[in-house]
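Novice: Take a look at coords34.pdb, PDB, C-alpha atoms:
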ATOM      1  CA  MET A   1       0.000   0.000   0.000
ATOM      2  CA  ARG A   2       2.878   2.372   0.786
ATOM      3  CA  SER A   3       4.472   1.762  -2.641
ATOM      4  CA  LEU A   4       1.093   2.499  -4.229
ATOM      5  CA  ASN A   5       0.979   5.855  -2.444
ATOM      6  CA  ARG A   6       4.191   6.876  -4.201
ATOM      7  CA  LEU A   7       2.500   6.696  -7.601
ATOM      8  CA  PRO A   8       0.767   9.719  -9.194
ATOM      9  CA  PRO A   9      -2.849  10.092  -8.018
ATOM     10  CA  ILE A  10      -4.309   9.324 -11.452
ATOM     11  CA  VAL A  11      -2.343   6.051 -11.605
ATOM     12  CA  GLN A  12      -3.516   5.138  -8.098
ATOM     13  CA  ASP A  13      -7.125   5.766  -9.122
ATOM     14  CA  ILE A  14      -6.788   3.600 -12.240
ATOM     15  CA  ILE A  15      -5.287   0.732 -10.230
ATOM     16  CA  TYR A  16      -8.082   0.974  -7.654
ATOM     17  CA  MET A  17     -10.761   1.098 -10.366
ATOM     18  CA  ILE A  18      -9.398  -1.878 -12.321
ATOM     19  CA  SER A  19      -8.920  -3.899  -9.128
ATOM     20  CA  GLY A  20     -12.456  -3.009  -8.056
ATOM     21  CA  ALA A  21     -13.889  -4.200 -11.366
ATOM     22  CA  ILE A  22     -11.945  -7.485 -11.211
ATOM     23  CA  PHE A  23     -12.992  -8.248  -7.620
ATOM     24  CA  SER A  24     -16.620  -7.356  -8.325
ATOM     25  CA  GLY A  25     -16.629  -9.567 -11.409
ATOM     26  CA  PHE A  26     -15.189 -12.424  -9.356
ATOM     27  CA  ALA A  27     -17.916 -12.026  -6.718
ATOM     28  CA  LEU A  28     -20.679 -11.966  -9.318
ATOM     29  CA  LYS A  29     -19.574 -14.758 -11.647
ATOM     30  CA  SER A  30     -17.960 -17.115  -9.105
ATOM     31  CA  PHE A  31     -20.512 -16.796  -6.299
ATOM     32  CA  LEU A  32     -23.741 -14.882  -6.871
ATOM     33  CA  VAL A  33     -24.851 -15.417 -10.474
ATOM     34  CA  PRO A  34     -24.394 -19.238 -10.673
ATOM     35  CA  ASN A  35     -26.357 -19.632  -7.442
ATOM     36  CA  LYS A  36     -29.076 -17.097  -8.317
ATOM     37  CA  PHE A  37     -28.194 -14.862  -5.368
ATOM     38  CA  LEU A  38     -28.818 -11.144  -5.255
ATOM     39  CA  ASP A  39     -27.302  -8.100  -3.597
ATOM     40  CA  GLY A  40     -28.702  -4.693  -2.748
ATOM     41  CA  GLY A  41     -28.384  -1.492  -4.732
ATOM     42  CA  VAL A  42     -28.061  -1.142  -8.478
ATOM     43  CA  THR A  43     -26.034  -4.362  -8.594
ATOM     44  CA  GLY A  44     -28.978  -6.161  -7.014
ATOM     45  CA  ILE A  45     -31.375  -4.648  -9.560
ATOM     46  CA  SER A  46     -29.065  -5.765 -12.385
ATOM     47  CA  LEU A  47     -28.878  -9.303 -11.005
ATOM     48  CA  LEU A  48     -32.659  -9.370 -10.617
ATOM     49  CA  VAL A  49     -33.237  -8.251 -14.222
ATOM     50  CA  ASN A  50     -30.613 -10.714 -15.444
ATOM     51  CA  GLU A  51     -32.317 -13.623 -13.677
ATOM     52  CA  ILE A  52     -35.874 -12.745 -14.705
ATOM     53  CA  TYR A  53     -35.210 -11.889 -18.368
ATOM     54  CA  ASP A  54     -31.963 -13.856 -18.974
ATOM     55  CA  LEU A  55     -30.107 -10.864 -20.429
ATOM     56  CA  ASN A  56     -26.358 -10.254 -20.659
ATOM     57  CA  LEU A  57     -25.321  -9.156 -17.158
ATOM     58  CA  GLY A  58     -22.563  -6.806 -18.340
ATOM     59  CA  ILE A  59     -24.927  -4.888 -20.600
ATOM     60  CA  VAL A  60     -27.612  -4.782 -17.906
ATOM     61  CA  ILE A  61     -25.133  -3.330 -15.382
ATOM     62  CA  ILE A  62     -24.065  -0.594 -17.823
ATOM     63  CA  LEU A  63     -27.660   0.326 -18.703
ATOM     64  CA  ALA A  64     -28.744   0.269 -15.045
ATOM     65  CA  ASN A  65     -25.924   2.597 -14.023
ATOM     66  CA  ILE A  66     -26.181   5.138 -16.841
ATOM     67  CA  PRO A  67     -28.935   7.205 -15.137
ATOM     68  CA  PHE A  68     -26.846   7.354 -11.973
ATOM     69  CA  VAL A  69     -23.711   8.291 -13.913
ATOM     70  CA  ILE A  70     -25.616  11.240 -15.401
ATOM     71  CA  MET A  71     -26.991  12.095 -11.977
ATOM     72  CA  GLY A  72     -23.470  11.923 -10.508
ATOM     73  CA  GLY A  73     -22.274  14.402 -13.117
ATOM     74  CA  TYR A  74     -24.804  16.944 -11.828
ATOM     75  CA  LEU A  75     -24.556  16.157  -8.099
ATOM     76  CA  VAL A  76     -20.777  15.681  -7.855
ATOM     77  CA  ASN A  77     -18.835  16.631 -10.998
ATOM     78  CA  LYS A  78     -18.122  15.454 -14.538
ATOM     79  CA  LYS A  79     -14.803  13.862 -13.587
ATOM     80  CA  PHE A  80     -16.571  11.660 -11.050
ATOM     81  CA  ALA A  81     -19.191  10.692 -13.649
ATOM     82  CA  LEU A  82     -16.565   9.760 -16.262
ATOM     83  CA  LYS A  83     -14.587   7.683 -13.770
ATOM     84  CA  THR A  84     -17.762   5.925 -12.643
ATOM     85  CA  LEU A  85     -18.753   5.136 -16.240
ATOM     86  CA  SER A  86     -15.236   3.840 -16.972
ATOM     87  CA  CYS A  87     -15.317   1.581 -13.928
ATOM     88  CA  VAL A  88     -18.781   0.221 -14.794
ATOM     89  CA  VAL A  89     -17.636  -0.524 -18.363
ATOM     90  CA  ALA A  90     -14.517  -2.223 -16.953
ATOM     91  CA  LEU A  91     -16.748  -4.419 -14.797
ATOM     92  CA  ALA A  92     -18.889  -5.316 -17.823
ATOM     93  CA  LEU A  93     -15.731  -6.266 -19.765
ATOM     94  CA  CYS A  94     -14.532  -8.424 -16.862
ATOM     95  CA  LEU A  95     -17.884 -10.214 -16.779
ATOM     96  CA  SER A  96     -17.773 -10.798 -20.545
ATOM     97  CA  PHE A  97     -14.152 -11.796 -21.144
ATOM     98  CA  ILE A  98     -12.678 -13.159 -17.891
ATOM     99  CA  HIS A  99     -13.469 -16.790 -17.145
ATOM    100  CA  TYR A 100     -14.328 -16.855 -13.455
ATOM    101  CA  PRO A 101     -14.753 -20.391 -12.054
ATOM    102  CA  MET A 102     -17.718 -21.208  -9.815
ATOM    103  CA  ILE A 103     -16.260 -21.628  -6.315
ATOM    104  CA  THR A 104     -19.041 -23.235  -4.287
ATOM    105  CA  GLN A 105     -22.742 -23.995  -4.128
ATOM    106  CA  ASP A 106     -22.966 -23.838  -0.350
ATOM    107  CA  LYS A 107     -25.547 -21.127   0.277
ATOM    108  CA  LEU A 108     -23.938 -19.725   3.408
ATOM    109  CA  LEU A 109     -20.487 -19.537   1.799
ATOM    110  CA  VAL A 110     -21.971 -17.968  -1.334
ATOM    111  CA  SER A 111     -23.819 -15.272   0.602
ATOM    112  CA  LEU A 112     -20.900 -14.427   2.892
ATOM    113  CA  PHE A 113     -17.924 -14.586   0.536
ATOM    114  CA  GLY A 114     -19.890 -13.300  -2.436
ATOM    115  CA  GLY A 115     -20.730 -10.277  -0.311
ATOM    116  CA  VAL A 116     -17.166  -9.900   0.949
ATOM    117  CA  PHE A 117     -15.567  -9.955  -2.500
ATOM    118  CA  LEU A 118     -18.248  -7.674  -3.912
ATOM    119  CA  GLY A 119     -17.653  -5.281  -1.003
ATOM    120  CA  ILE A 120     -13.917  -5.330  -1.716
ATOM    121  CA  GLY A 121     -14.578  -4.478  -5.349
ATOM    122  CA  ILE A 122     -17.006  -1.644  -4.656
ATOM    123  CA  GLY A 123     -14.768  -0.322  -1.863
ATOM    124  CA  LEU A 124     -11.687  -0.273  -4.100
ATOM    125  CA  ALA A 125     -13.654   1.579  -6.761
ATOM    126  CA  MET A 126     -14.701   4.139  -4.145
ATOM    127  CA  ARG A 127     -11.059   4.578  -3.129
ATOM    128  CA  GLY A 128     -10.414   5.290  -6.802
ATOM    129  CA  GLY A 129     -12.913   8.139  -6.668
ATOM    130  CA  CYS A 130     -15.963   6.611  -8.332
ATOM    131  CA  ALA A 131     -19.111   4.638  -7.540
ATOM    132  CA  LEU A 132     -19.396   1.119  -8.907
ATOM    133  CA  ASP A 133     -22.921   0.938  -7.507
ATOM    134  CA  GLY A 134     -25.102   3.983  -8.157
ATOM    135  CA  ILE A 135     -27.543   3.597  -5.277
ATOM    136  CA  GLU A 136     -25.659   6.099  -3.092
ATOM    137  CA  ILE A 137     -25.907   8.677  -5.882
ATOM    138  CA  LEU A 138     -29.660   8.078  -5.987
ATOM    139  CA  ALA A 139     -29.801   8.381  -2.196
ATOM    140  CA  LEU A 140     -27.901  11.682  -2.375
ATOM    141  CA  TYR A 141     -30.343  12.947  -5.002
ATOM    142  CA  THR A 142     -33.347  11.894  -2.897
ATOM    143  CA  LEU A 143     -31.797  13.345   0.264
ATOM    144  CA  ARG A 144     -31.934  16.846  -1.203
ATOM    145  CA  ARG A 145     -35.646  16.483  -1.855
ATOM    146  CA  SER A 146     -36.823  14.735   1.320
ATOM    147  CA  SER A 147     -36.291  14.636   5.074
ATOM    148  CA  PHE A 148     -34.923  11.080   5.044
ATOM    149  CA  SER A 149     -31.257  10.275   5.706
ATOM    150  CA  ILE A 150     -29.081   8.498   3.126
ATOM    151  CA  SER A 151     -29.130   5.312   5.228
ATOM    152  CA  GLU A 152     -32.937   5.348   5.407
ATOM    153  CA  ILE A 153     -33.233   5.889   1.656
ATOM    154  CA  ILE A 154     -30.819   3.051   0.840
ATOM    155  CA  LEU A 155     -32.621   0.769   3.305
ATOM    156  CA  GLY A 156     -35.971   1.569   1.694
ATOM    157  CA  LEU A 157     -34.713   0.912  -1.838
ATOM    158  CA  ASN A 158     -33.075  -2.362  -0.824
ATOM    159  CA  THR A 159     -36.219  -3.471   0.997
ATOM    160  CA  ILE A 160     -38.102  -3.203  -2.306
ATOM    161  CA  ILE A 161     -35.385  -5.216  -4.083
ATOM    162  CA  PHE A 162     -35.470  -7.992  -1.487
ATOM    163  CA  LEU A 163     -39.279  -8.113  -1.495
ATOM    164  CA  VAL A 164     -39.256  -8.639  -5.260
ATOM    165  CA  ALA A 165     -36.561 -11.299  -4.789
ATOM    166  CA  ALA A 166     -38.723 -13.069  -2.206
ATOM    167  CA  ILE A 167     -41.668 -13.121  -4.622
ATOM    168  CA  HIS A 168     -39.685 -14.427  -7.610
ATOM    169  CA  PHE A 169     -37.059 -16.680  -5.995
ATOM    170  CA  GLY A 170     -38.496 -17.549  -2.597
ATOM    171  CA  LEU A 171     -38.037 -16.231   0.904
ATOM    172  CA  GLU A 172     -34.905 -18.281   1.592
ATOM    173  CA  THR A 173     -33.017 -16.793  -1.353
ATOM    174  CA  ALA A 174     -34.132 -13.309  -0.342
ATOM    175  CA  LEU A 175     -32.848 -13.839   3.211
ATOM    176  CA  TYR A 176     -29.495 -15.110   1.960
ATOM    177  CA  SER A 177     -29.327 -12.123  -0.385
ATOM    178  CA  MET A 178     -29.858  -9.810   2.598
ATOM    179  CA  LEU A 179     -26.905 -11.532   4.264
ATOM    180  CA  THR A 180     -24.879 -10.934   1.095
ATOM    181  CA  TYR A 181     -25.752  -7.244   1.197
ATOM    182  CA  PHE A 182     -24.786  -6.993   4.876
ATOM    183  CA  ALA A 183     -21.416  -8.680   4.255
ATOM    184  CA  ALA A 184     -20.771  -6.394   1.271
ATOM    185  CA  SER A 185     -21.675  -3.192   3.127
ATOM    186  CA  ARG A 186     -19.462  -4.051   6.112
ATOM    187  CA  THR A 187     -16.564  -4.940   3.817
ATOM    188  CA  ILE A 188     -16.960  -1.637   1.947
ATOM    189  CA  ASP A 189     -16.576   0.176   5.282
ATOM    190  CA  TYR A 190     -13.339  -1.678   6.019
ATOM    191  CA  VAL A 191     -11.889  -1.108   2.545
ATOM    192  CA  VAL A 192     -12.784   2.591   2.377
ATOM    193  CA  GLU A 193     -12.090   3.549   5.994
ATOM    194  CA  GLY A 194      -9.300   1.085   6.791
ATOM    195  CA  LEU A 195      -9.166  -1.905   9.094
ATOM    196  CA  GLU A 196      -7.793   0.101  11.989
ATOM    197  CA  GLU A 197     -10.529   2.347  13.316
ATOM    198  CA  TYR A 198      -9.496   5.425  15.255
ATOM    199  CA  THR A 199     -11.127   7.004  18.250
ATOM    200  CA  GLY A 200     -11.116  10.660  19.173
ATOM    201  CA  VAL A 201     -10.840  11.231  22.932
ATOM    202  CA  THR A 202     -11.767  14.511  24.634
ATOM    203  CA  ILE A 203     -10.640  15.035  28.233
ATOM    204  CA  ILE A 204     -11.880  17.788  30.564
ATOM    205  CA  SER A 205     -10.052  17.949  33.873
ATOM    206  CA  GLY A 206      -8.761  20.375  36.471
ATOM    207  CA  LYS A 207      -5.405  18.588  36.207
ATOM    208  CA  SER A 208      -5.001  19.052  32.494
ATOM    209  CA  GLU A 209      -1.301  19.998  32.729
ATOM    210  CA  GLU A 210      -0.402  16.611  34.223
ATOM    211  CA  ILE A 211      -2.615  14.826  31.733
ATOM    212  CA  LYS A 212      -1.040  16.646  28.773
ATOM    213  CA  GLU A 213       2.447  15.744  29.941
ATOM    214  CA  LYS A 214       1.492  12.102  30.450
ATOM    215  CA  LEU A 215      -0.107  11.805  27.023
ATOM    216  CA  VAL A 216       2.787  13.398  25.155
ATOM    217  CA  MET A 217       5.864  12.364  27.138
ATOM    218  CA  HIS A 218       4.843   8.886  28.300
ATOM    219  CA  LEU A 219       2.255   7.655  25.786
ATOM    220  CA  GLY A 220       3.773   9.459  22.792
ATOM    221  CA  ARG A 221       0.454  10.800  21.562
ATOM    222  CA  GLY A 222      -0.121  14.056  19.748
ATOM    223  CA  ILE A 223      -2.639  16.359  21.401
ATOM    224  CA  THR A 224      -4.709  19.416  20.602
ATOM    225  CA  VAL A 225      -5.719  21.811  23.369
ATOM    226  CA  TYR A 226      -8.886  23.914  23.389
ATOM    227  CA  LYS A 227      -9.508  26.722  25.844
ATOM    228  CA  GLY A 228     -12.740  26.286  27.771
ATOM    229  CA  GLU A 229     -14.577  26.736  31.050
ATOM    230  CA  ARG A 230     -15.625  24.105  33.541
ATOM    231  CA  GLY A 231     -18.140  24.307  36.351
ATOM    232  CA  PHE A 232     -21.723  25.560  35.887
ATOM    233  CA  MET A 233     -23.156  23.061  38.356
ATOM    234  CA  LYS A 234     -26.823  23.192  39.319
ATOM    235  CA  ASP A 235     -26.113  24.313  42.891
ATOM    236  CA  SER A 236     -23.350  26.740  41.892
ATOM    237  CA  PHE A 237     -24.119  27.870  38.377
ATOM    238  CA  GLU A 238     -22.323  31.184  38.793
ATOM    239  CA  LEU A 239     -19.002  29.471  39.593
ATOM    240  CA  SER A 240     -16.719  28.441  36.767
ATOM    241  CA  GLN A 241     -13.036  28.385  35.969
ATOM    242  CA  ASP A 242     -10.876  28.326  32.881
ATOM    243  CA  CYS A 243      -9.525  24.960  31.808
ATOM    244  CA  ASP A 244      -7.687  23.263  28.959
ATOM    245  CA  ILE A 245      -9.762  20.741  27.013
ATOM    246  CA  VAL A 246      -7.419  18.048  25.705
ATOM    247  CA  PHE A 247      -8.165  16.174  22.494
ATOM    248  CA  THR A 248      -6.181  13.260  21.084
ATOM    249  CA  VAL A 249      -6.655  10.464  18.538
ATOM    250  CA  ILE A 250      -5.837   6.843  19.395
ATOM    251  CA  THR A 251      -6.682   3.376  18.117
ATOM    252  CA  ARG A 252      -9.641   1.676  19.749
ATOM    253  CA  LEU A 253      -7.254  -0.857  21.327
ATOM    254  CA  GLU A 254      -5.666   1.961  23.336
ATOM    255  CA  VAL A 255      -8.869   3.425  24.793
ATOM    256  CA  ARG A 256      -8.742   1.355  27.988
ATOM    257  CA  ARG A 257      -5.098   2.202  28.616
ATOM    258  CA  LEU A 258      -5.690   5.926  28.134
ATOM    259  CA  ASN A 259      -8.699   5.875  30.474
ATOM    260  CA  ASN A 260      -6.621   4.205  33.172
ATOM    261  CA  VAL A 261      -3.814   6.747  32.784
ATOM    262  CA  VAL A 262      -6.183   9.727  33.026
ATOM    263  CA  HIS A 263      -8.099   8.377  36.010
ATOM    264  CA  GLU A 264      -4.858   7.751  37.896
ATOM    265  CA  ILE A 265      -4.196  11.488  37.630
ATOM    266  CA  ASP A 266      -7.756  12.695  38.106
ATOM    267  CA  PRO A 267     -10.525  10.197  39.023
ATOM    268  CA  LYS A 268     -13.111  12.951  38.405
ATOM    269  CA  ALA A 269     -11.935  13.737  34.877
ATOM    270  CA  PHE A 270     -14.676  13.838  32.257
ATOM    271  CA  ILE A 271     -13.760  11.711  29.220
ATOM    272  CA  PHE A 272     -15.800  11.060  26.107
ATOM    273  CA  THR A 273     -14.917   9.329  22.870
ATOM    274  CA  SER A 274     -16.086   9.541  19.271
ATOM    275  CA  THR A 275     -15.468   7.328  16.259
ATOM    276  CA  ILE A 276     -13.208   8.773  13.561
ATOM    277  CA  LYS A 277     -13.777   7.436  10.063
ATOM    278  CA  GLU A 278     -10.315   8.306   8.755
ATOM    279  CA  ALA A 279      -7.123   9.742  10.193
ATOM    280  CA  ALA A 280      -3.940  10.651   8.355
ATOM    281  CA  GLY A 281      -0.597  12.256   9.075
ATOM    282  CA  GLY A 282       0.808  13.634  12.290
ATOM    283  CA  ILE A 283       2.149  11.621  15.192
ATOM    284  CA  LEU A 284      -0.757   9.191  14.859
ATOM    285  CA  LYS A 285       0.446   7.654  11.609
ATOM    286  CA  HIS A 286       4.048   7.672  12.767
ATOM    287  CA  HIS A 287       3.228   5.449  15.703
ATOM    288  CA  ALA A 288       0.610   3.363  13.927
ATOM    289  CA  GLY A 289       3.232   2.267  11.443
ATOM    290  CA  LYS A 290       5.309   0.701  14.225
ATOM    291  CA  HIS A 291       2.653  -1.759  15.335
TER     292      HIS A 291
END
Transcribe the structure of this file into structure tokens.
Specialist:
Amino acid sequence: MRSLNRLPPIVQDIIYMISGAIFSGFALKSFLVPNKFLDGGVTGISLLVNEIYDLNLGIVIILANIPFVIMGGYLVNKKFALKTLSCVVALALCLSFIHYPMITQDKLLVSLFGGVFLGIGIGLAMRGGCALDGIEILALYTLRRSSFSISEIILGLNTIIFLVAAIHFGLETALYSMLTYFAASRTIDYVVEGLEEYTGVTIISGKSEEIKEKLVMHLGRGITVYKGERGFMKDSFELSQDCDIVFTVITRLEVRRLNNVVHEIDPKAFIFTSTIKEAAGGILKHHAGKH
């Protein structure tokens, strides 16, 4: 991955897009299509149309994504739309010209690993700056015209897909397809955001000087300090005092250790954490590379 980062950005994007198309093709032809399994999103719609009407899957995927490519050009930009179209065409070519062997007929393995490999493919395409599945573009479009969140919109659209699947292929296939979608969506998160999730920790304490020294000098963490006020209790609302609010970013494996260190200094310290989707640079990456 580090050697890939040394390449020009356009070359990185192309590698991600081609890899995404190959992995997605592998998931579709080696797991899902031979076993008549579906996924959510535009890919799920394409698989559904392919199964019902017995059409060429590559062509169906291109046609199904064209409206979302056009929509992406308006909602995001033309570069994004062109990259998305290129990646979709690459997937169609992979489906047409690469001979993917069927791996297994075990339904559980098909649903899980089909979802995992499809998630890897879509996630790699997203890292390349495009969308191999246009449902999030549709959700973004709908979001601007309704009060629903993107997650709620995607859930609603996929519910319709799985209901149709249940009617045409049976409830069991629909349930396995839901498992495929879950595996794919979780894998996309890992590919796009990274396997190592980071946690932001905010510490409010009257002994902030000792805590800052401990975090930097003994734990080797980088910190950011905000100026704030503490106090404002119900029985003494008028009383407050200036304090330093300490913020740092750690891996989730280090949360327990940091809590113990802070509470040794100040058992009354107020600590809260928040999930960070992506972190780059600074002391964080320097230390993360040593693990």
Novice: At a cut-off of 10 Å, using only C-alpha atoms, what residues contact Val89 of chain A? Leave out same-chain residues fewer than 4 positions from it and give the result as a list in words.
Specialist: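 What passes the distance filter is Ala21, Gly58, Ile59, Ile61, Ile62, Asn65, Lys83, Thr84, Leu85, Leu93, Cys94, Leu95 and Leu132 of chain A.
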Novice: Enter the distance from atom CA of Ser185 of chain A to atom CA of Gly114 of chain A, in Å, rounded to one decimal.
Specialist: 11.7 Å
Novice: Residue by residue, what does the PyMOL selection byres ((chain A and resi 109) around 12) grab here? Present the result as a list in words.
Specialist: Ala27, Ser30, Phe31, Leu32, Asn35, Phe37, Ile103, Thr104, Gln105, Asp106, Lys107, Leu108, Val110, Ser111, Leu112, Phe113, Gly114, Gly115, Val116, Phe117, Tyr176, Ser177, Leu179, Thr180 and Ala183 of chain A
Novice: List the neighbours of Ile52 of chain A out to 9 Å using only C-alpha atoms; skip same-chain residues closer than 4 positions along the sequence, and give me the result as a list in words.
Specialist: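 Contacts, in chain order: Leu47, Leu48 and His168 of chain A.
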Novice: Could those selected residues go to a file with C-alpha atoms, as an mmCIF file, keeping the file's coordinate frame?
Specialist:
data_model
loop_
_atom_site.group_PDB
_atom_site.id
_atom_site.type_symbol
_atom_site.label_atom_id
_atom_site.label_comp_id
_atom_site.auth_asym_id
_atom_site.auth_seq_id
_atom_site.Cartn_x
_atom_site.Cartn_y
_atom_site.Cartn_z
ATOM 1 C CA LEU A 47 -28.878 -9.303 -11.005
ATOM 2 C CA LEU A 48 -32.659 -9.370 -10.617
ATOM 3 C CA HIS A 168 -39.685 -14.427 -7.610
#
Novice: Between A:Gly128, A:Tyr181, A:Gly73, A:Pro67, which is the closest to Gly44 of chain A once you count only C-alpha atoms?
Specialist: A:Tyr181
Novice: How far is it from atom CA of Ile98 of chain A to atom CA of Lys29 of chain A, in Å with one decimal?
Specialist: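 These two atoms are separated by 9.4 Å.
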Novice: Do you know which residues are at most 12 Å from Val42 of chain A counting all atoms listed in the file, after dropping those on the same chain fewer than 4 positions away, and could you put them as a PyMOL selection string?
Specialist: chain A and resi 38+46-49+60-69+88+122+131-139+154+157-158+160-161+181
Novice: So the first atom is atom CA of Tyr198 of chain A and the second is atom CA of Arg252 of chain A; what is the distance between them in Å, to one decimal place?
Specialist: 5.9 Å
Novice: Carefully work through the PyMOL selection byres ((chain A and resi 18) around 10) for this structure and note down the residues it includes, as a ChimeraX atom specification.
Specialist: /A:13-17,19-24,86-88,90-91,94,121,124-125,128
Novice: Within 9 Å of Gly206 of chain A, counting all atoms listed in the file, which residues qualify if same-chain residues fewer than 4 places away don't, as a PyMOL selection string?
Specialist: chain A and resi 230+242-244+266+268-269
Novice: Using only C-alpha atoms for the distances, tell me which of A:Lys214, A:Ser205, A:Cys130, A:Arg257 is nearest to Val76 of chain A.
Specialist: A:Cys130
Novice: Expanded to explicit residues, what is the PyMOL selection byres ((chain A and resi 274) around 10) for this file, as a PyMOL selection string?
Specialist: chain A and resi 198-202+249+272-273+275-277
Novice: Using all atoms listed in the file, which protein or nucleic acid residues come within 8 Å of Ile203 of chain A? Drop anything in the same chain fewer than 3 positions from it, and give the result as a list of chain:residue names.
Specialist: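 Contacts, in chain order: A:Ile245, A:Val246, A:Phe247, A:Ala269, A:Phe270, A:Ile271, A:Phe272.
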Novice: With all atoms listed in the file as the basis for distance, which of A:Ser240, A:Ile120, A:Thr251, A:Phe232 is at the shortest distance from Val192 of chain A?
Specialist: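 Closest candidate: A:Ile120.
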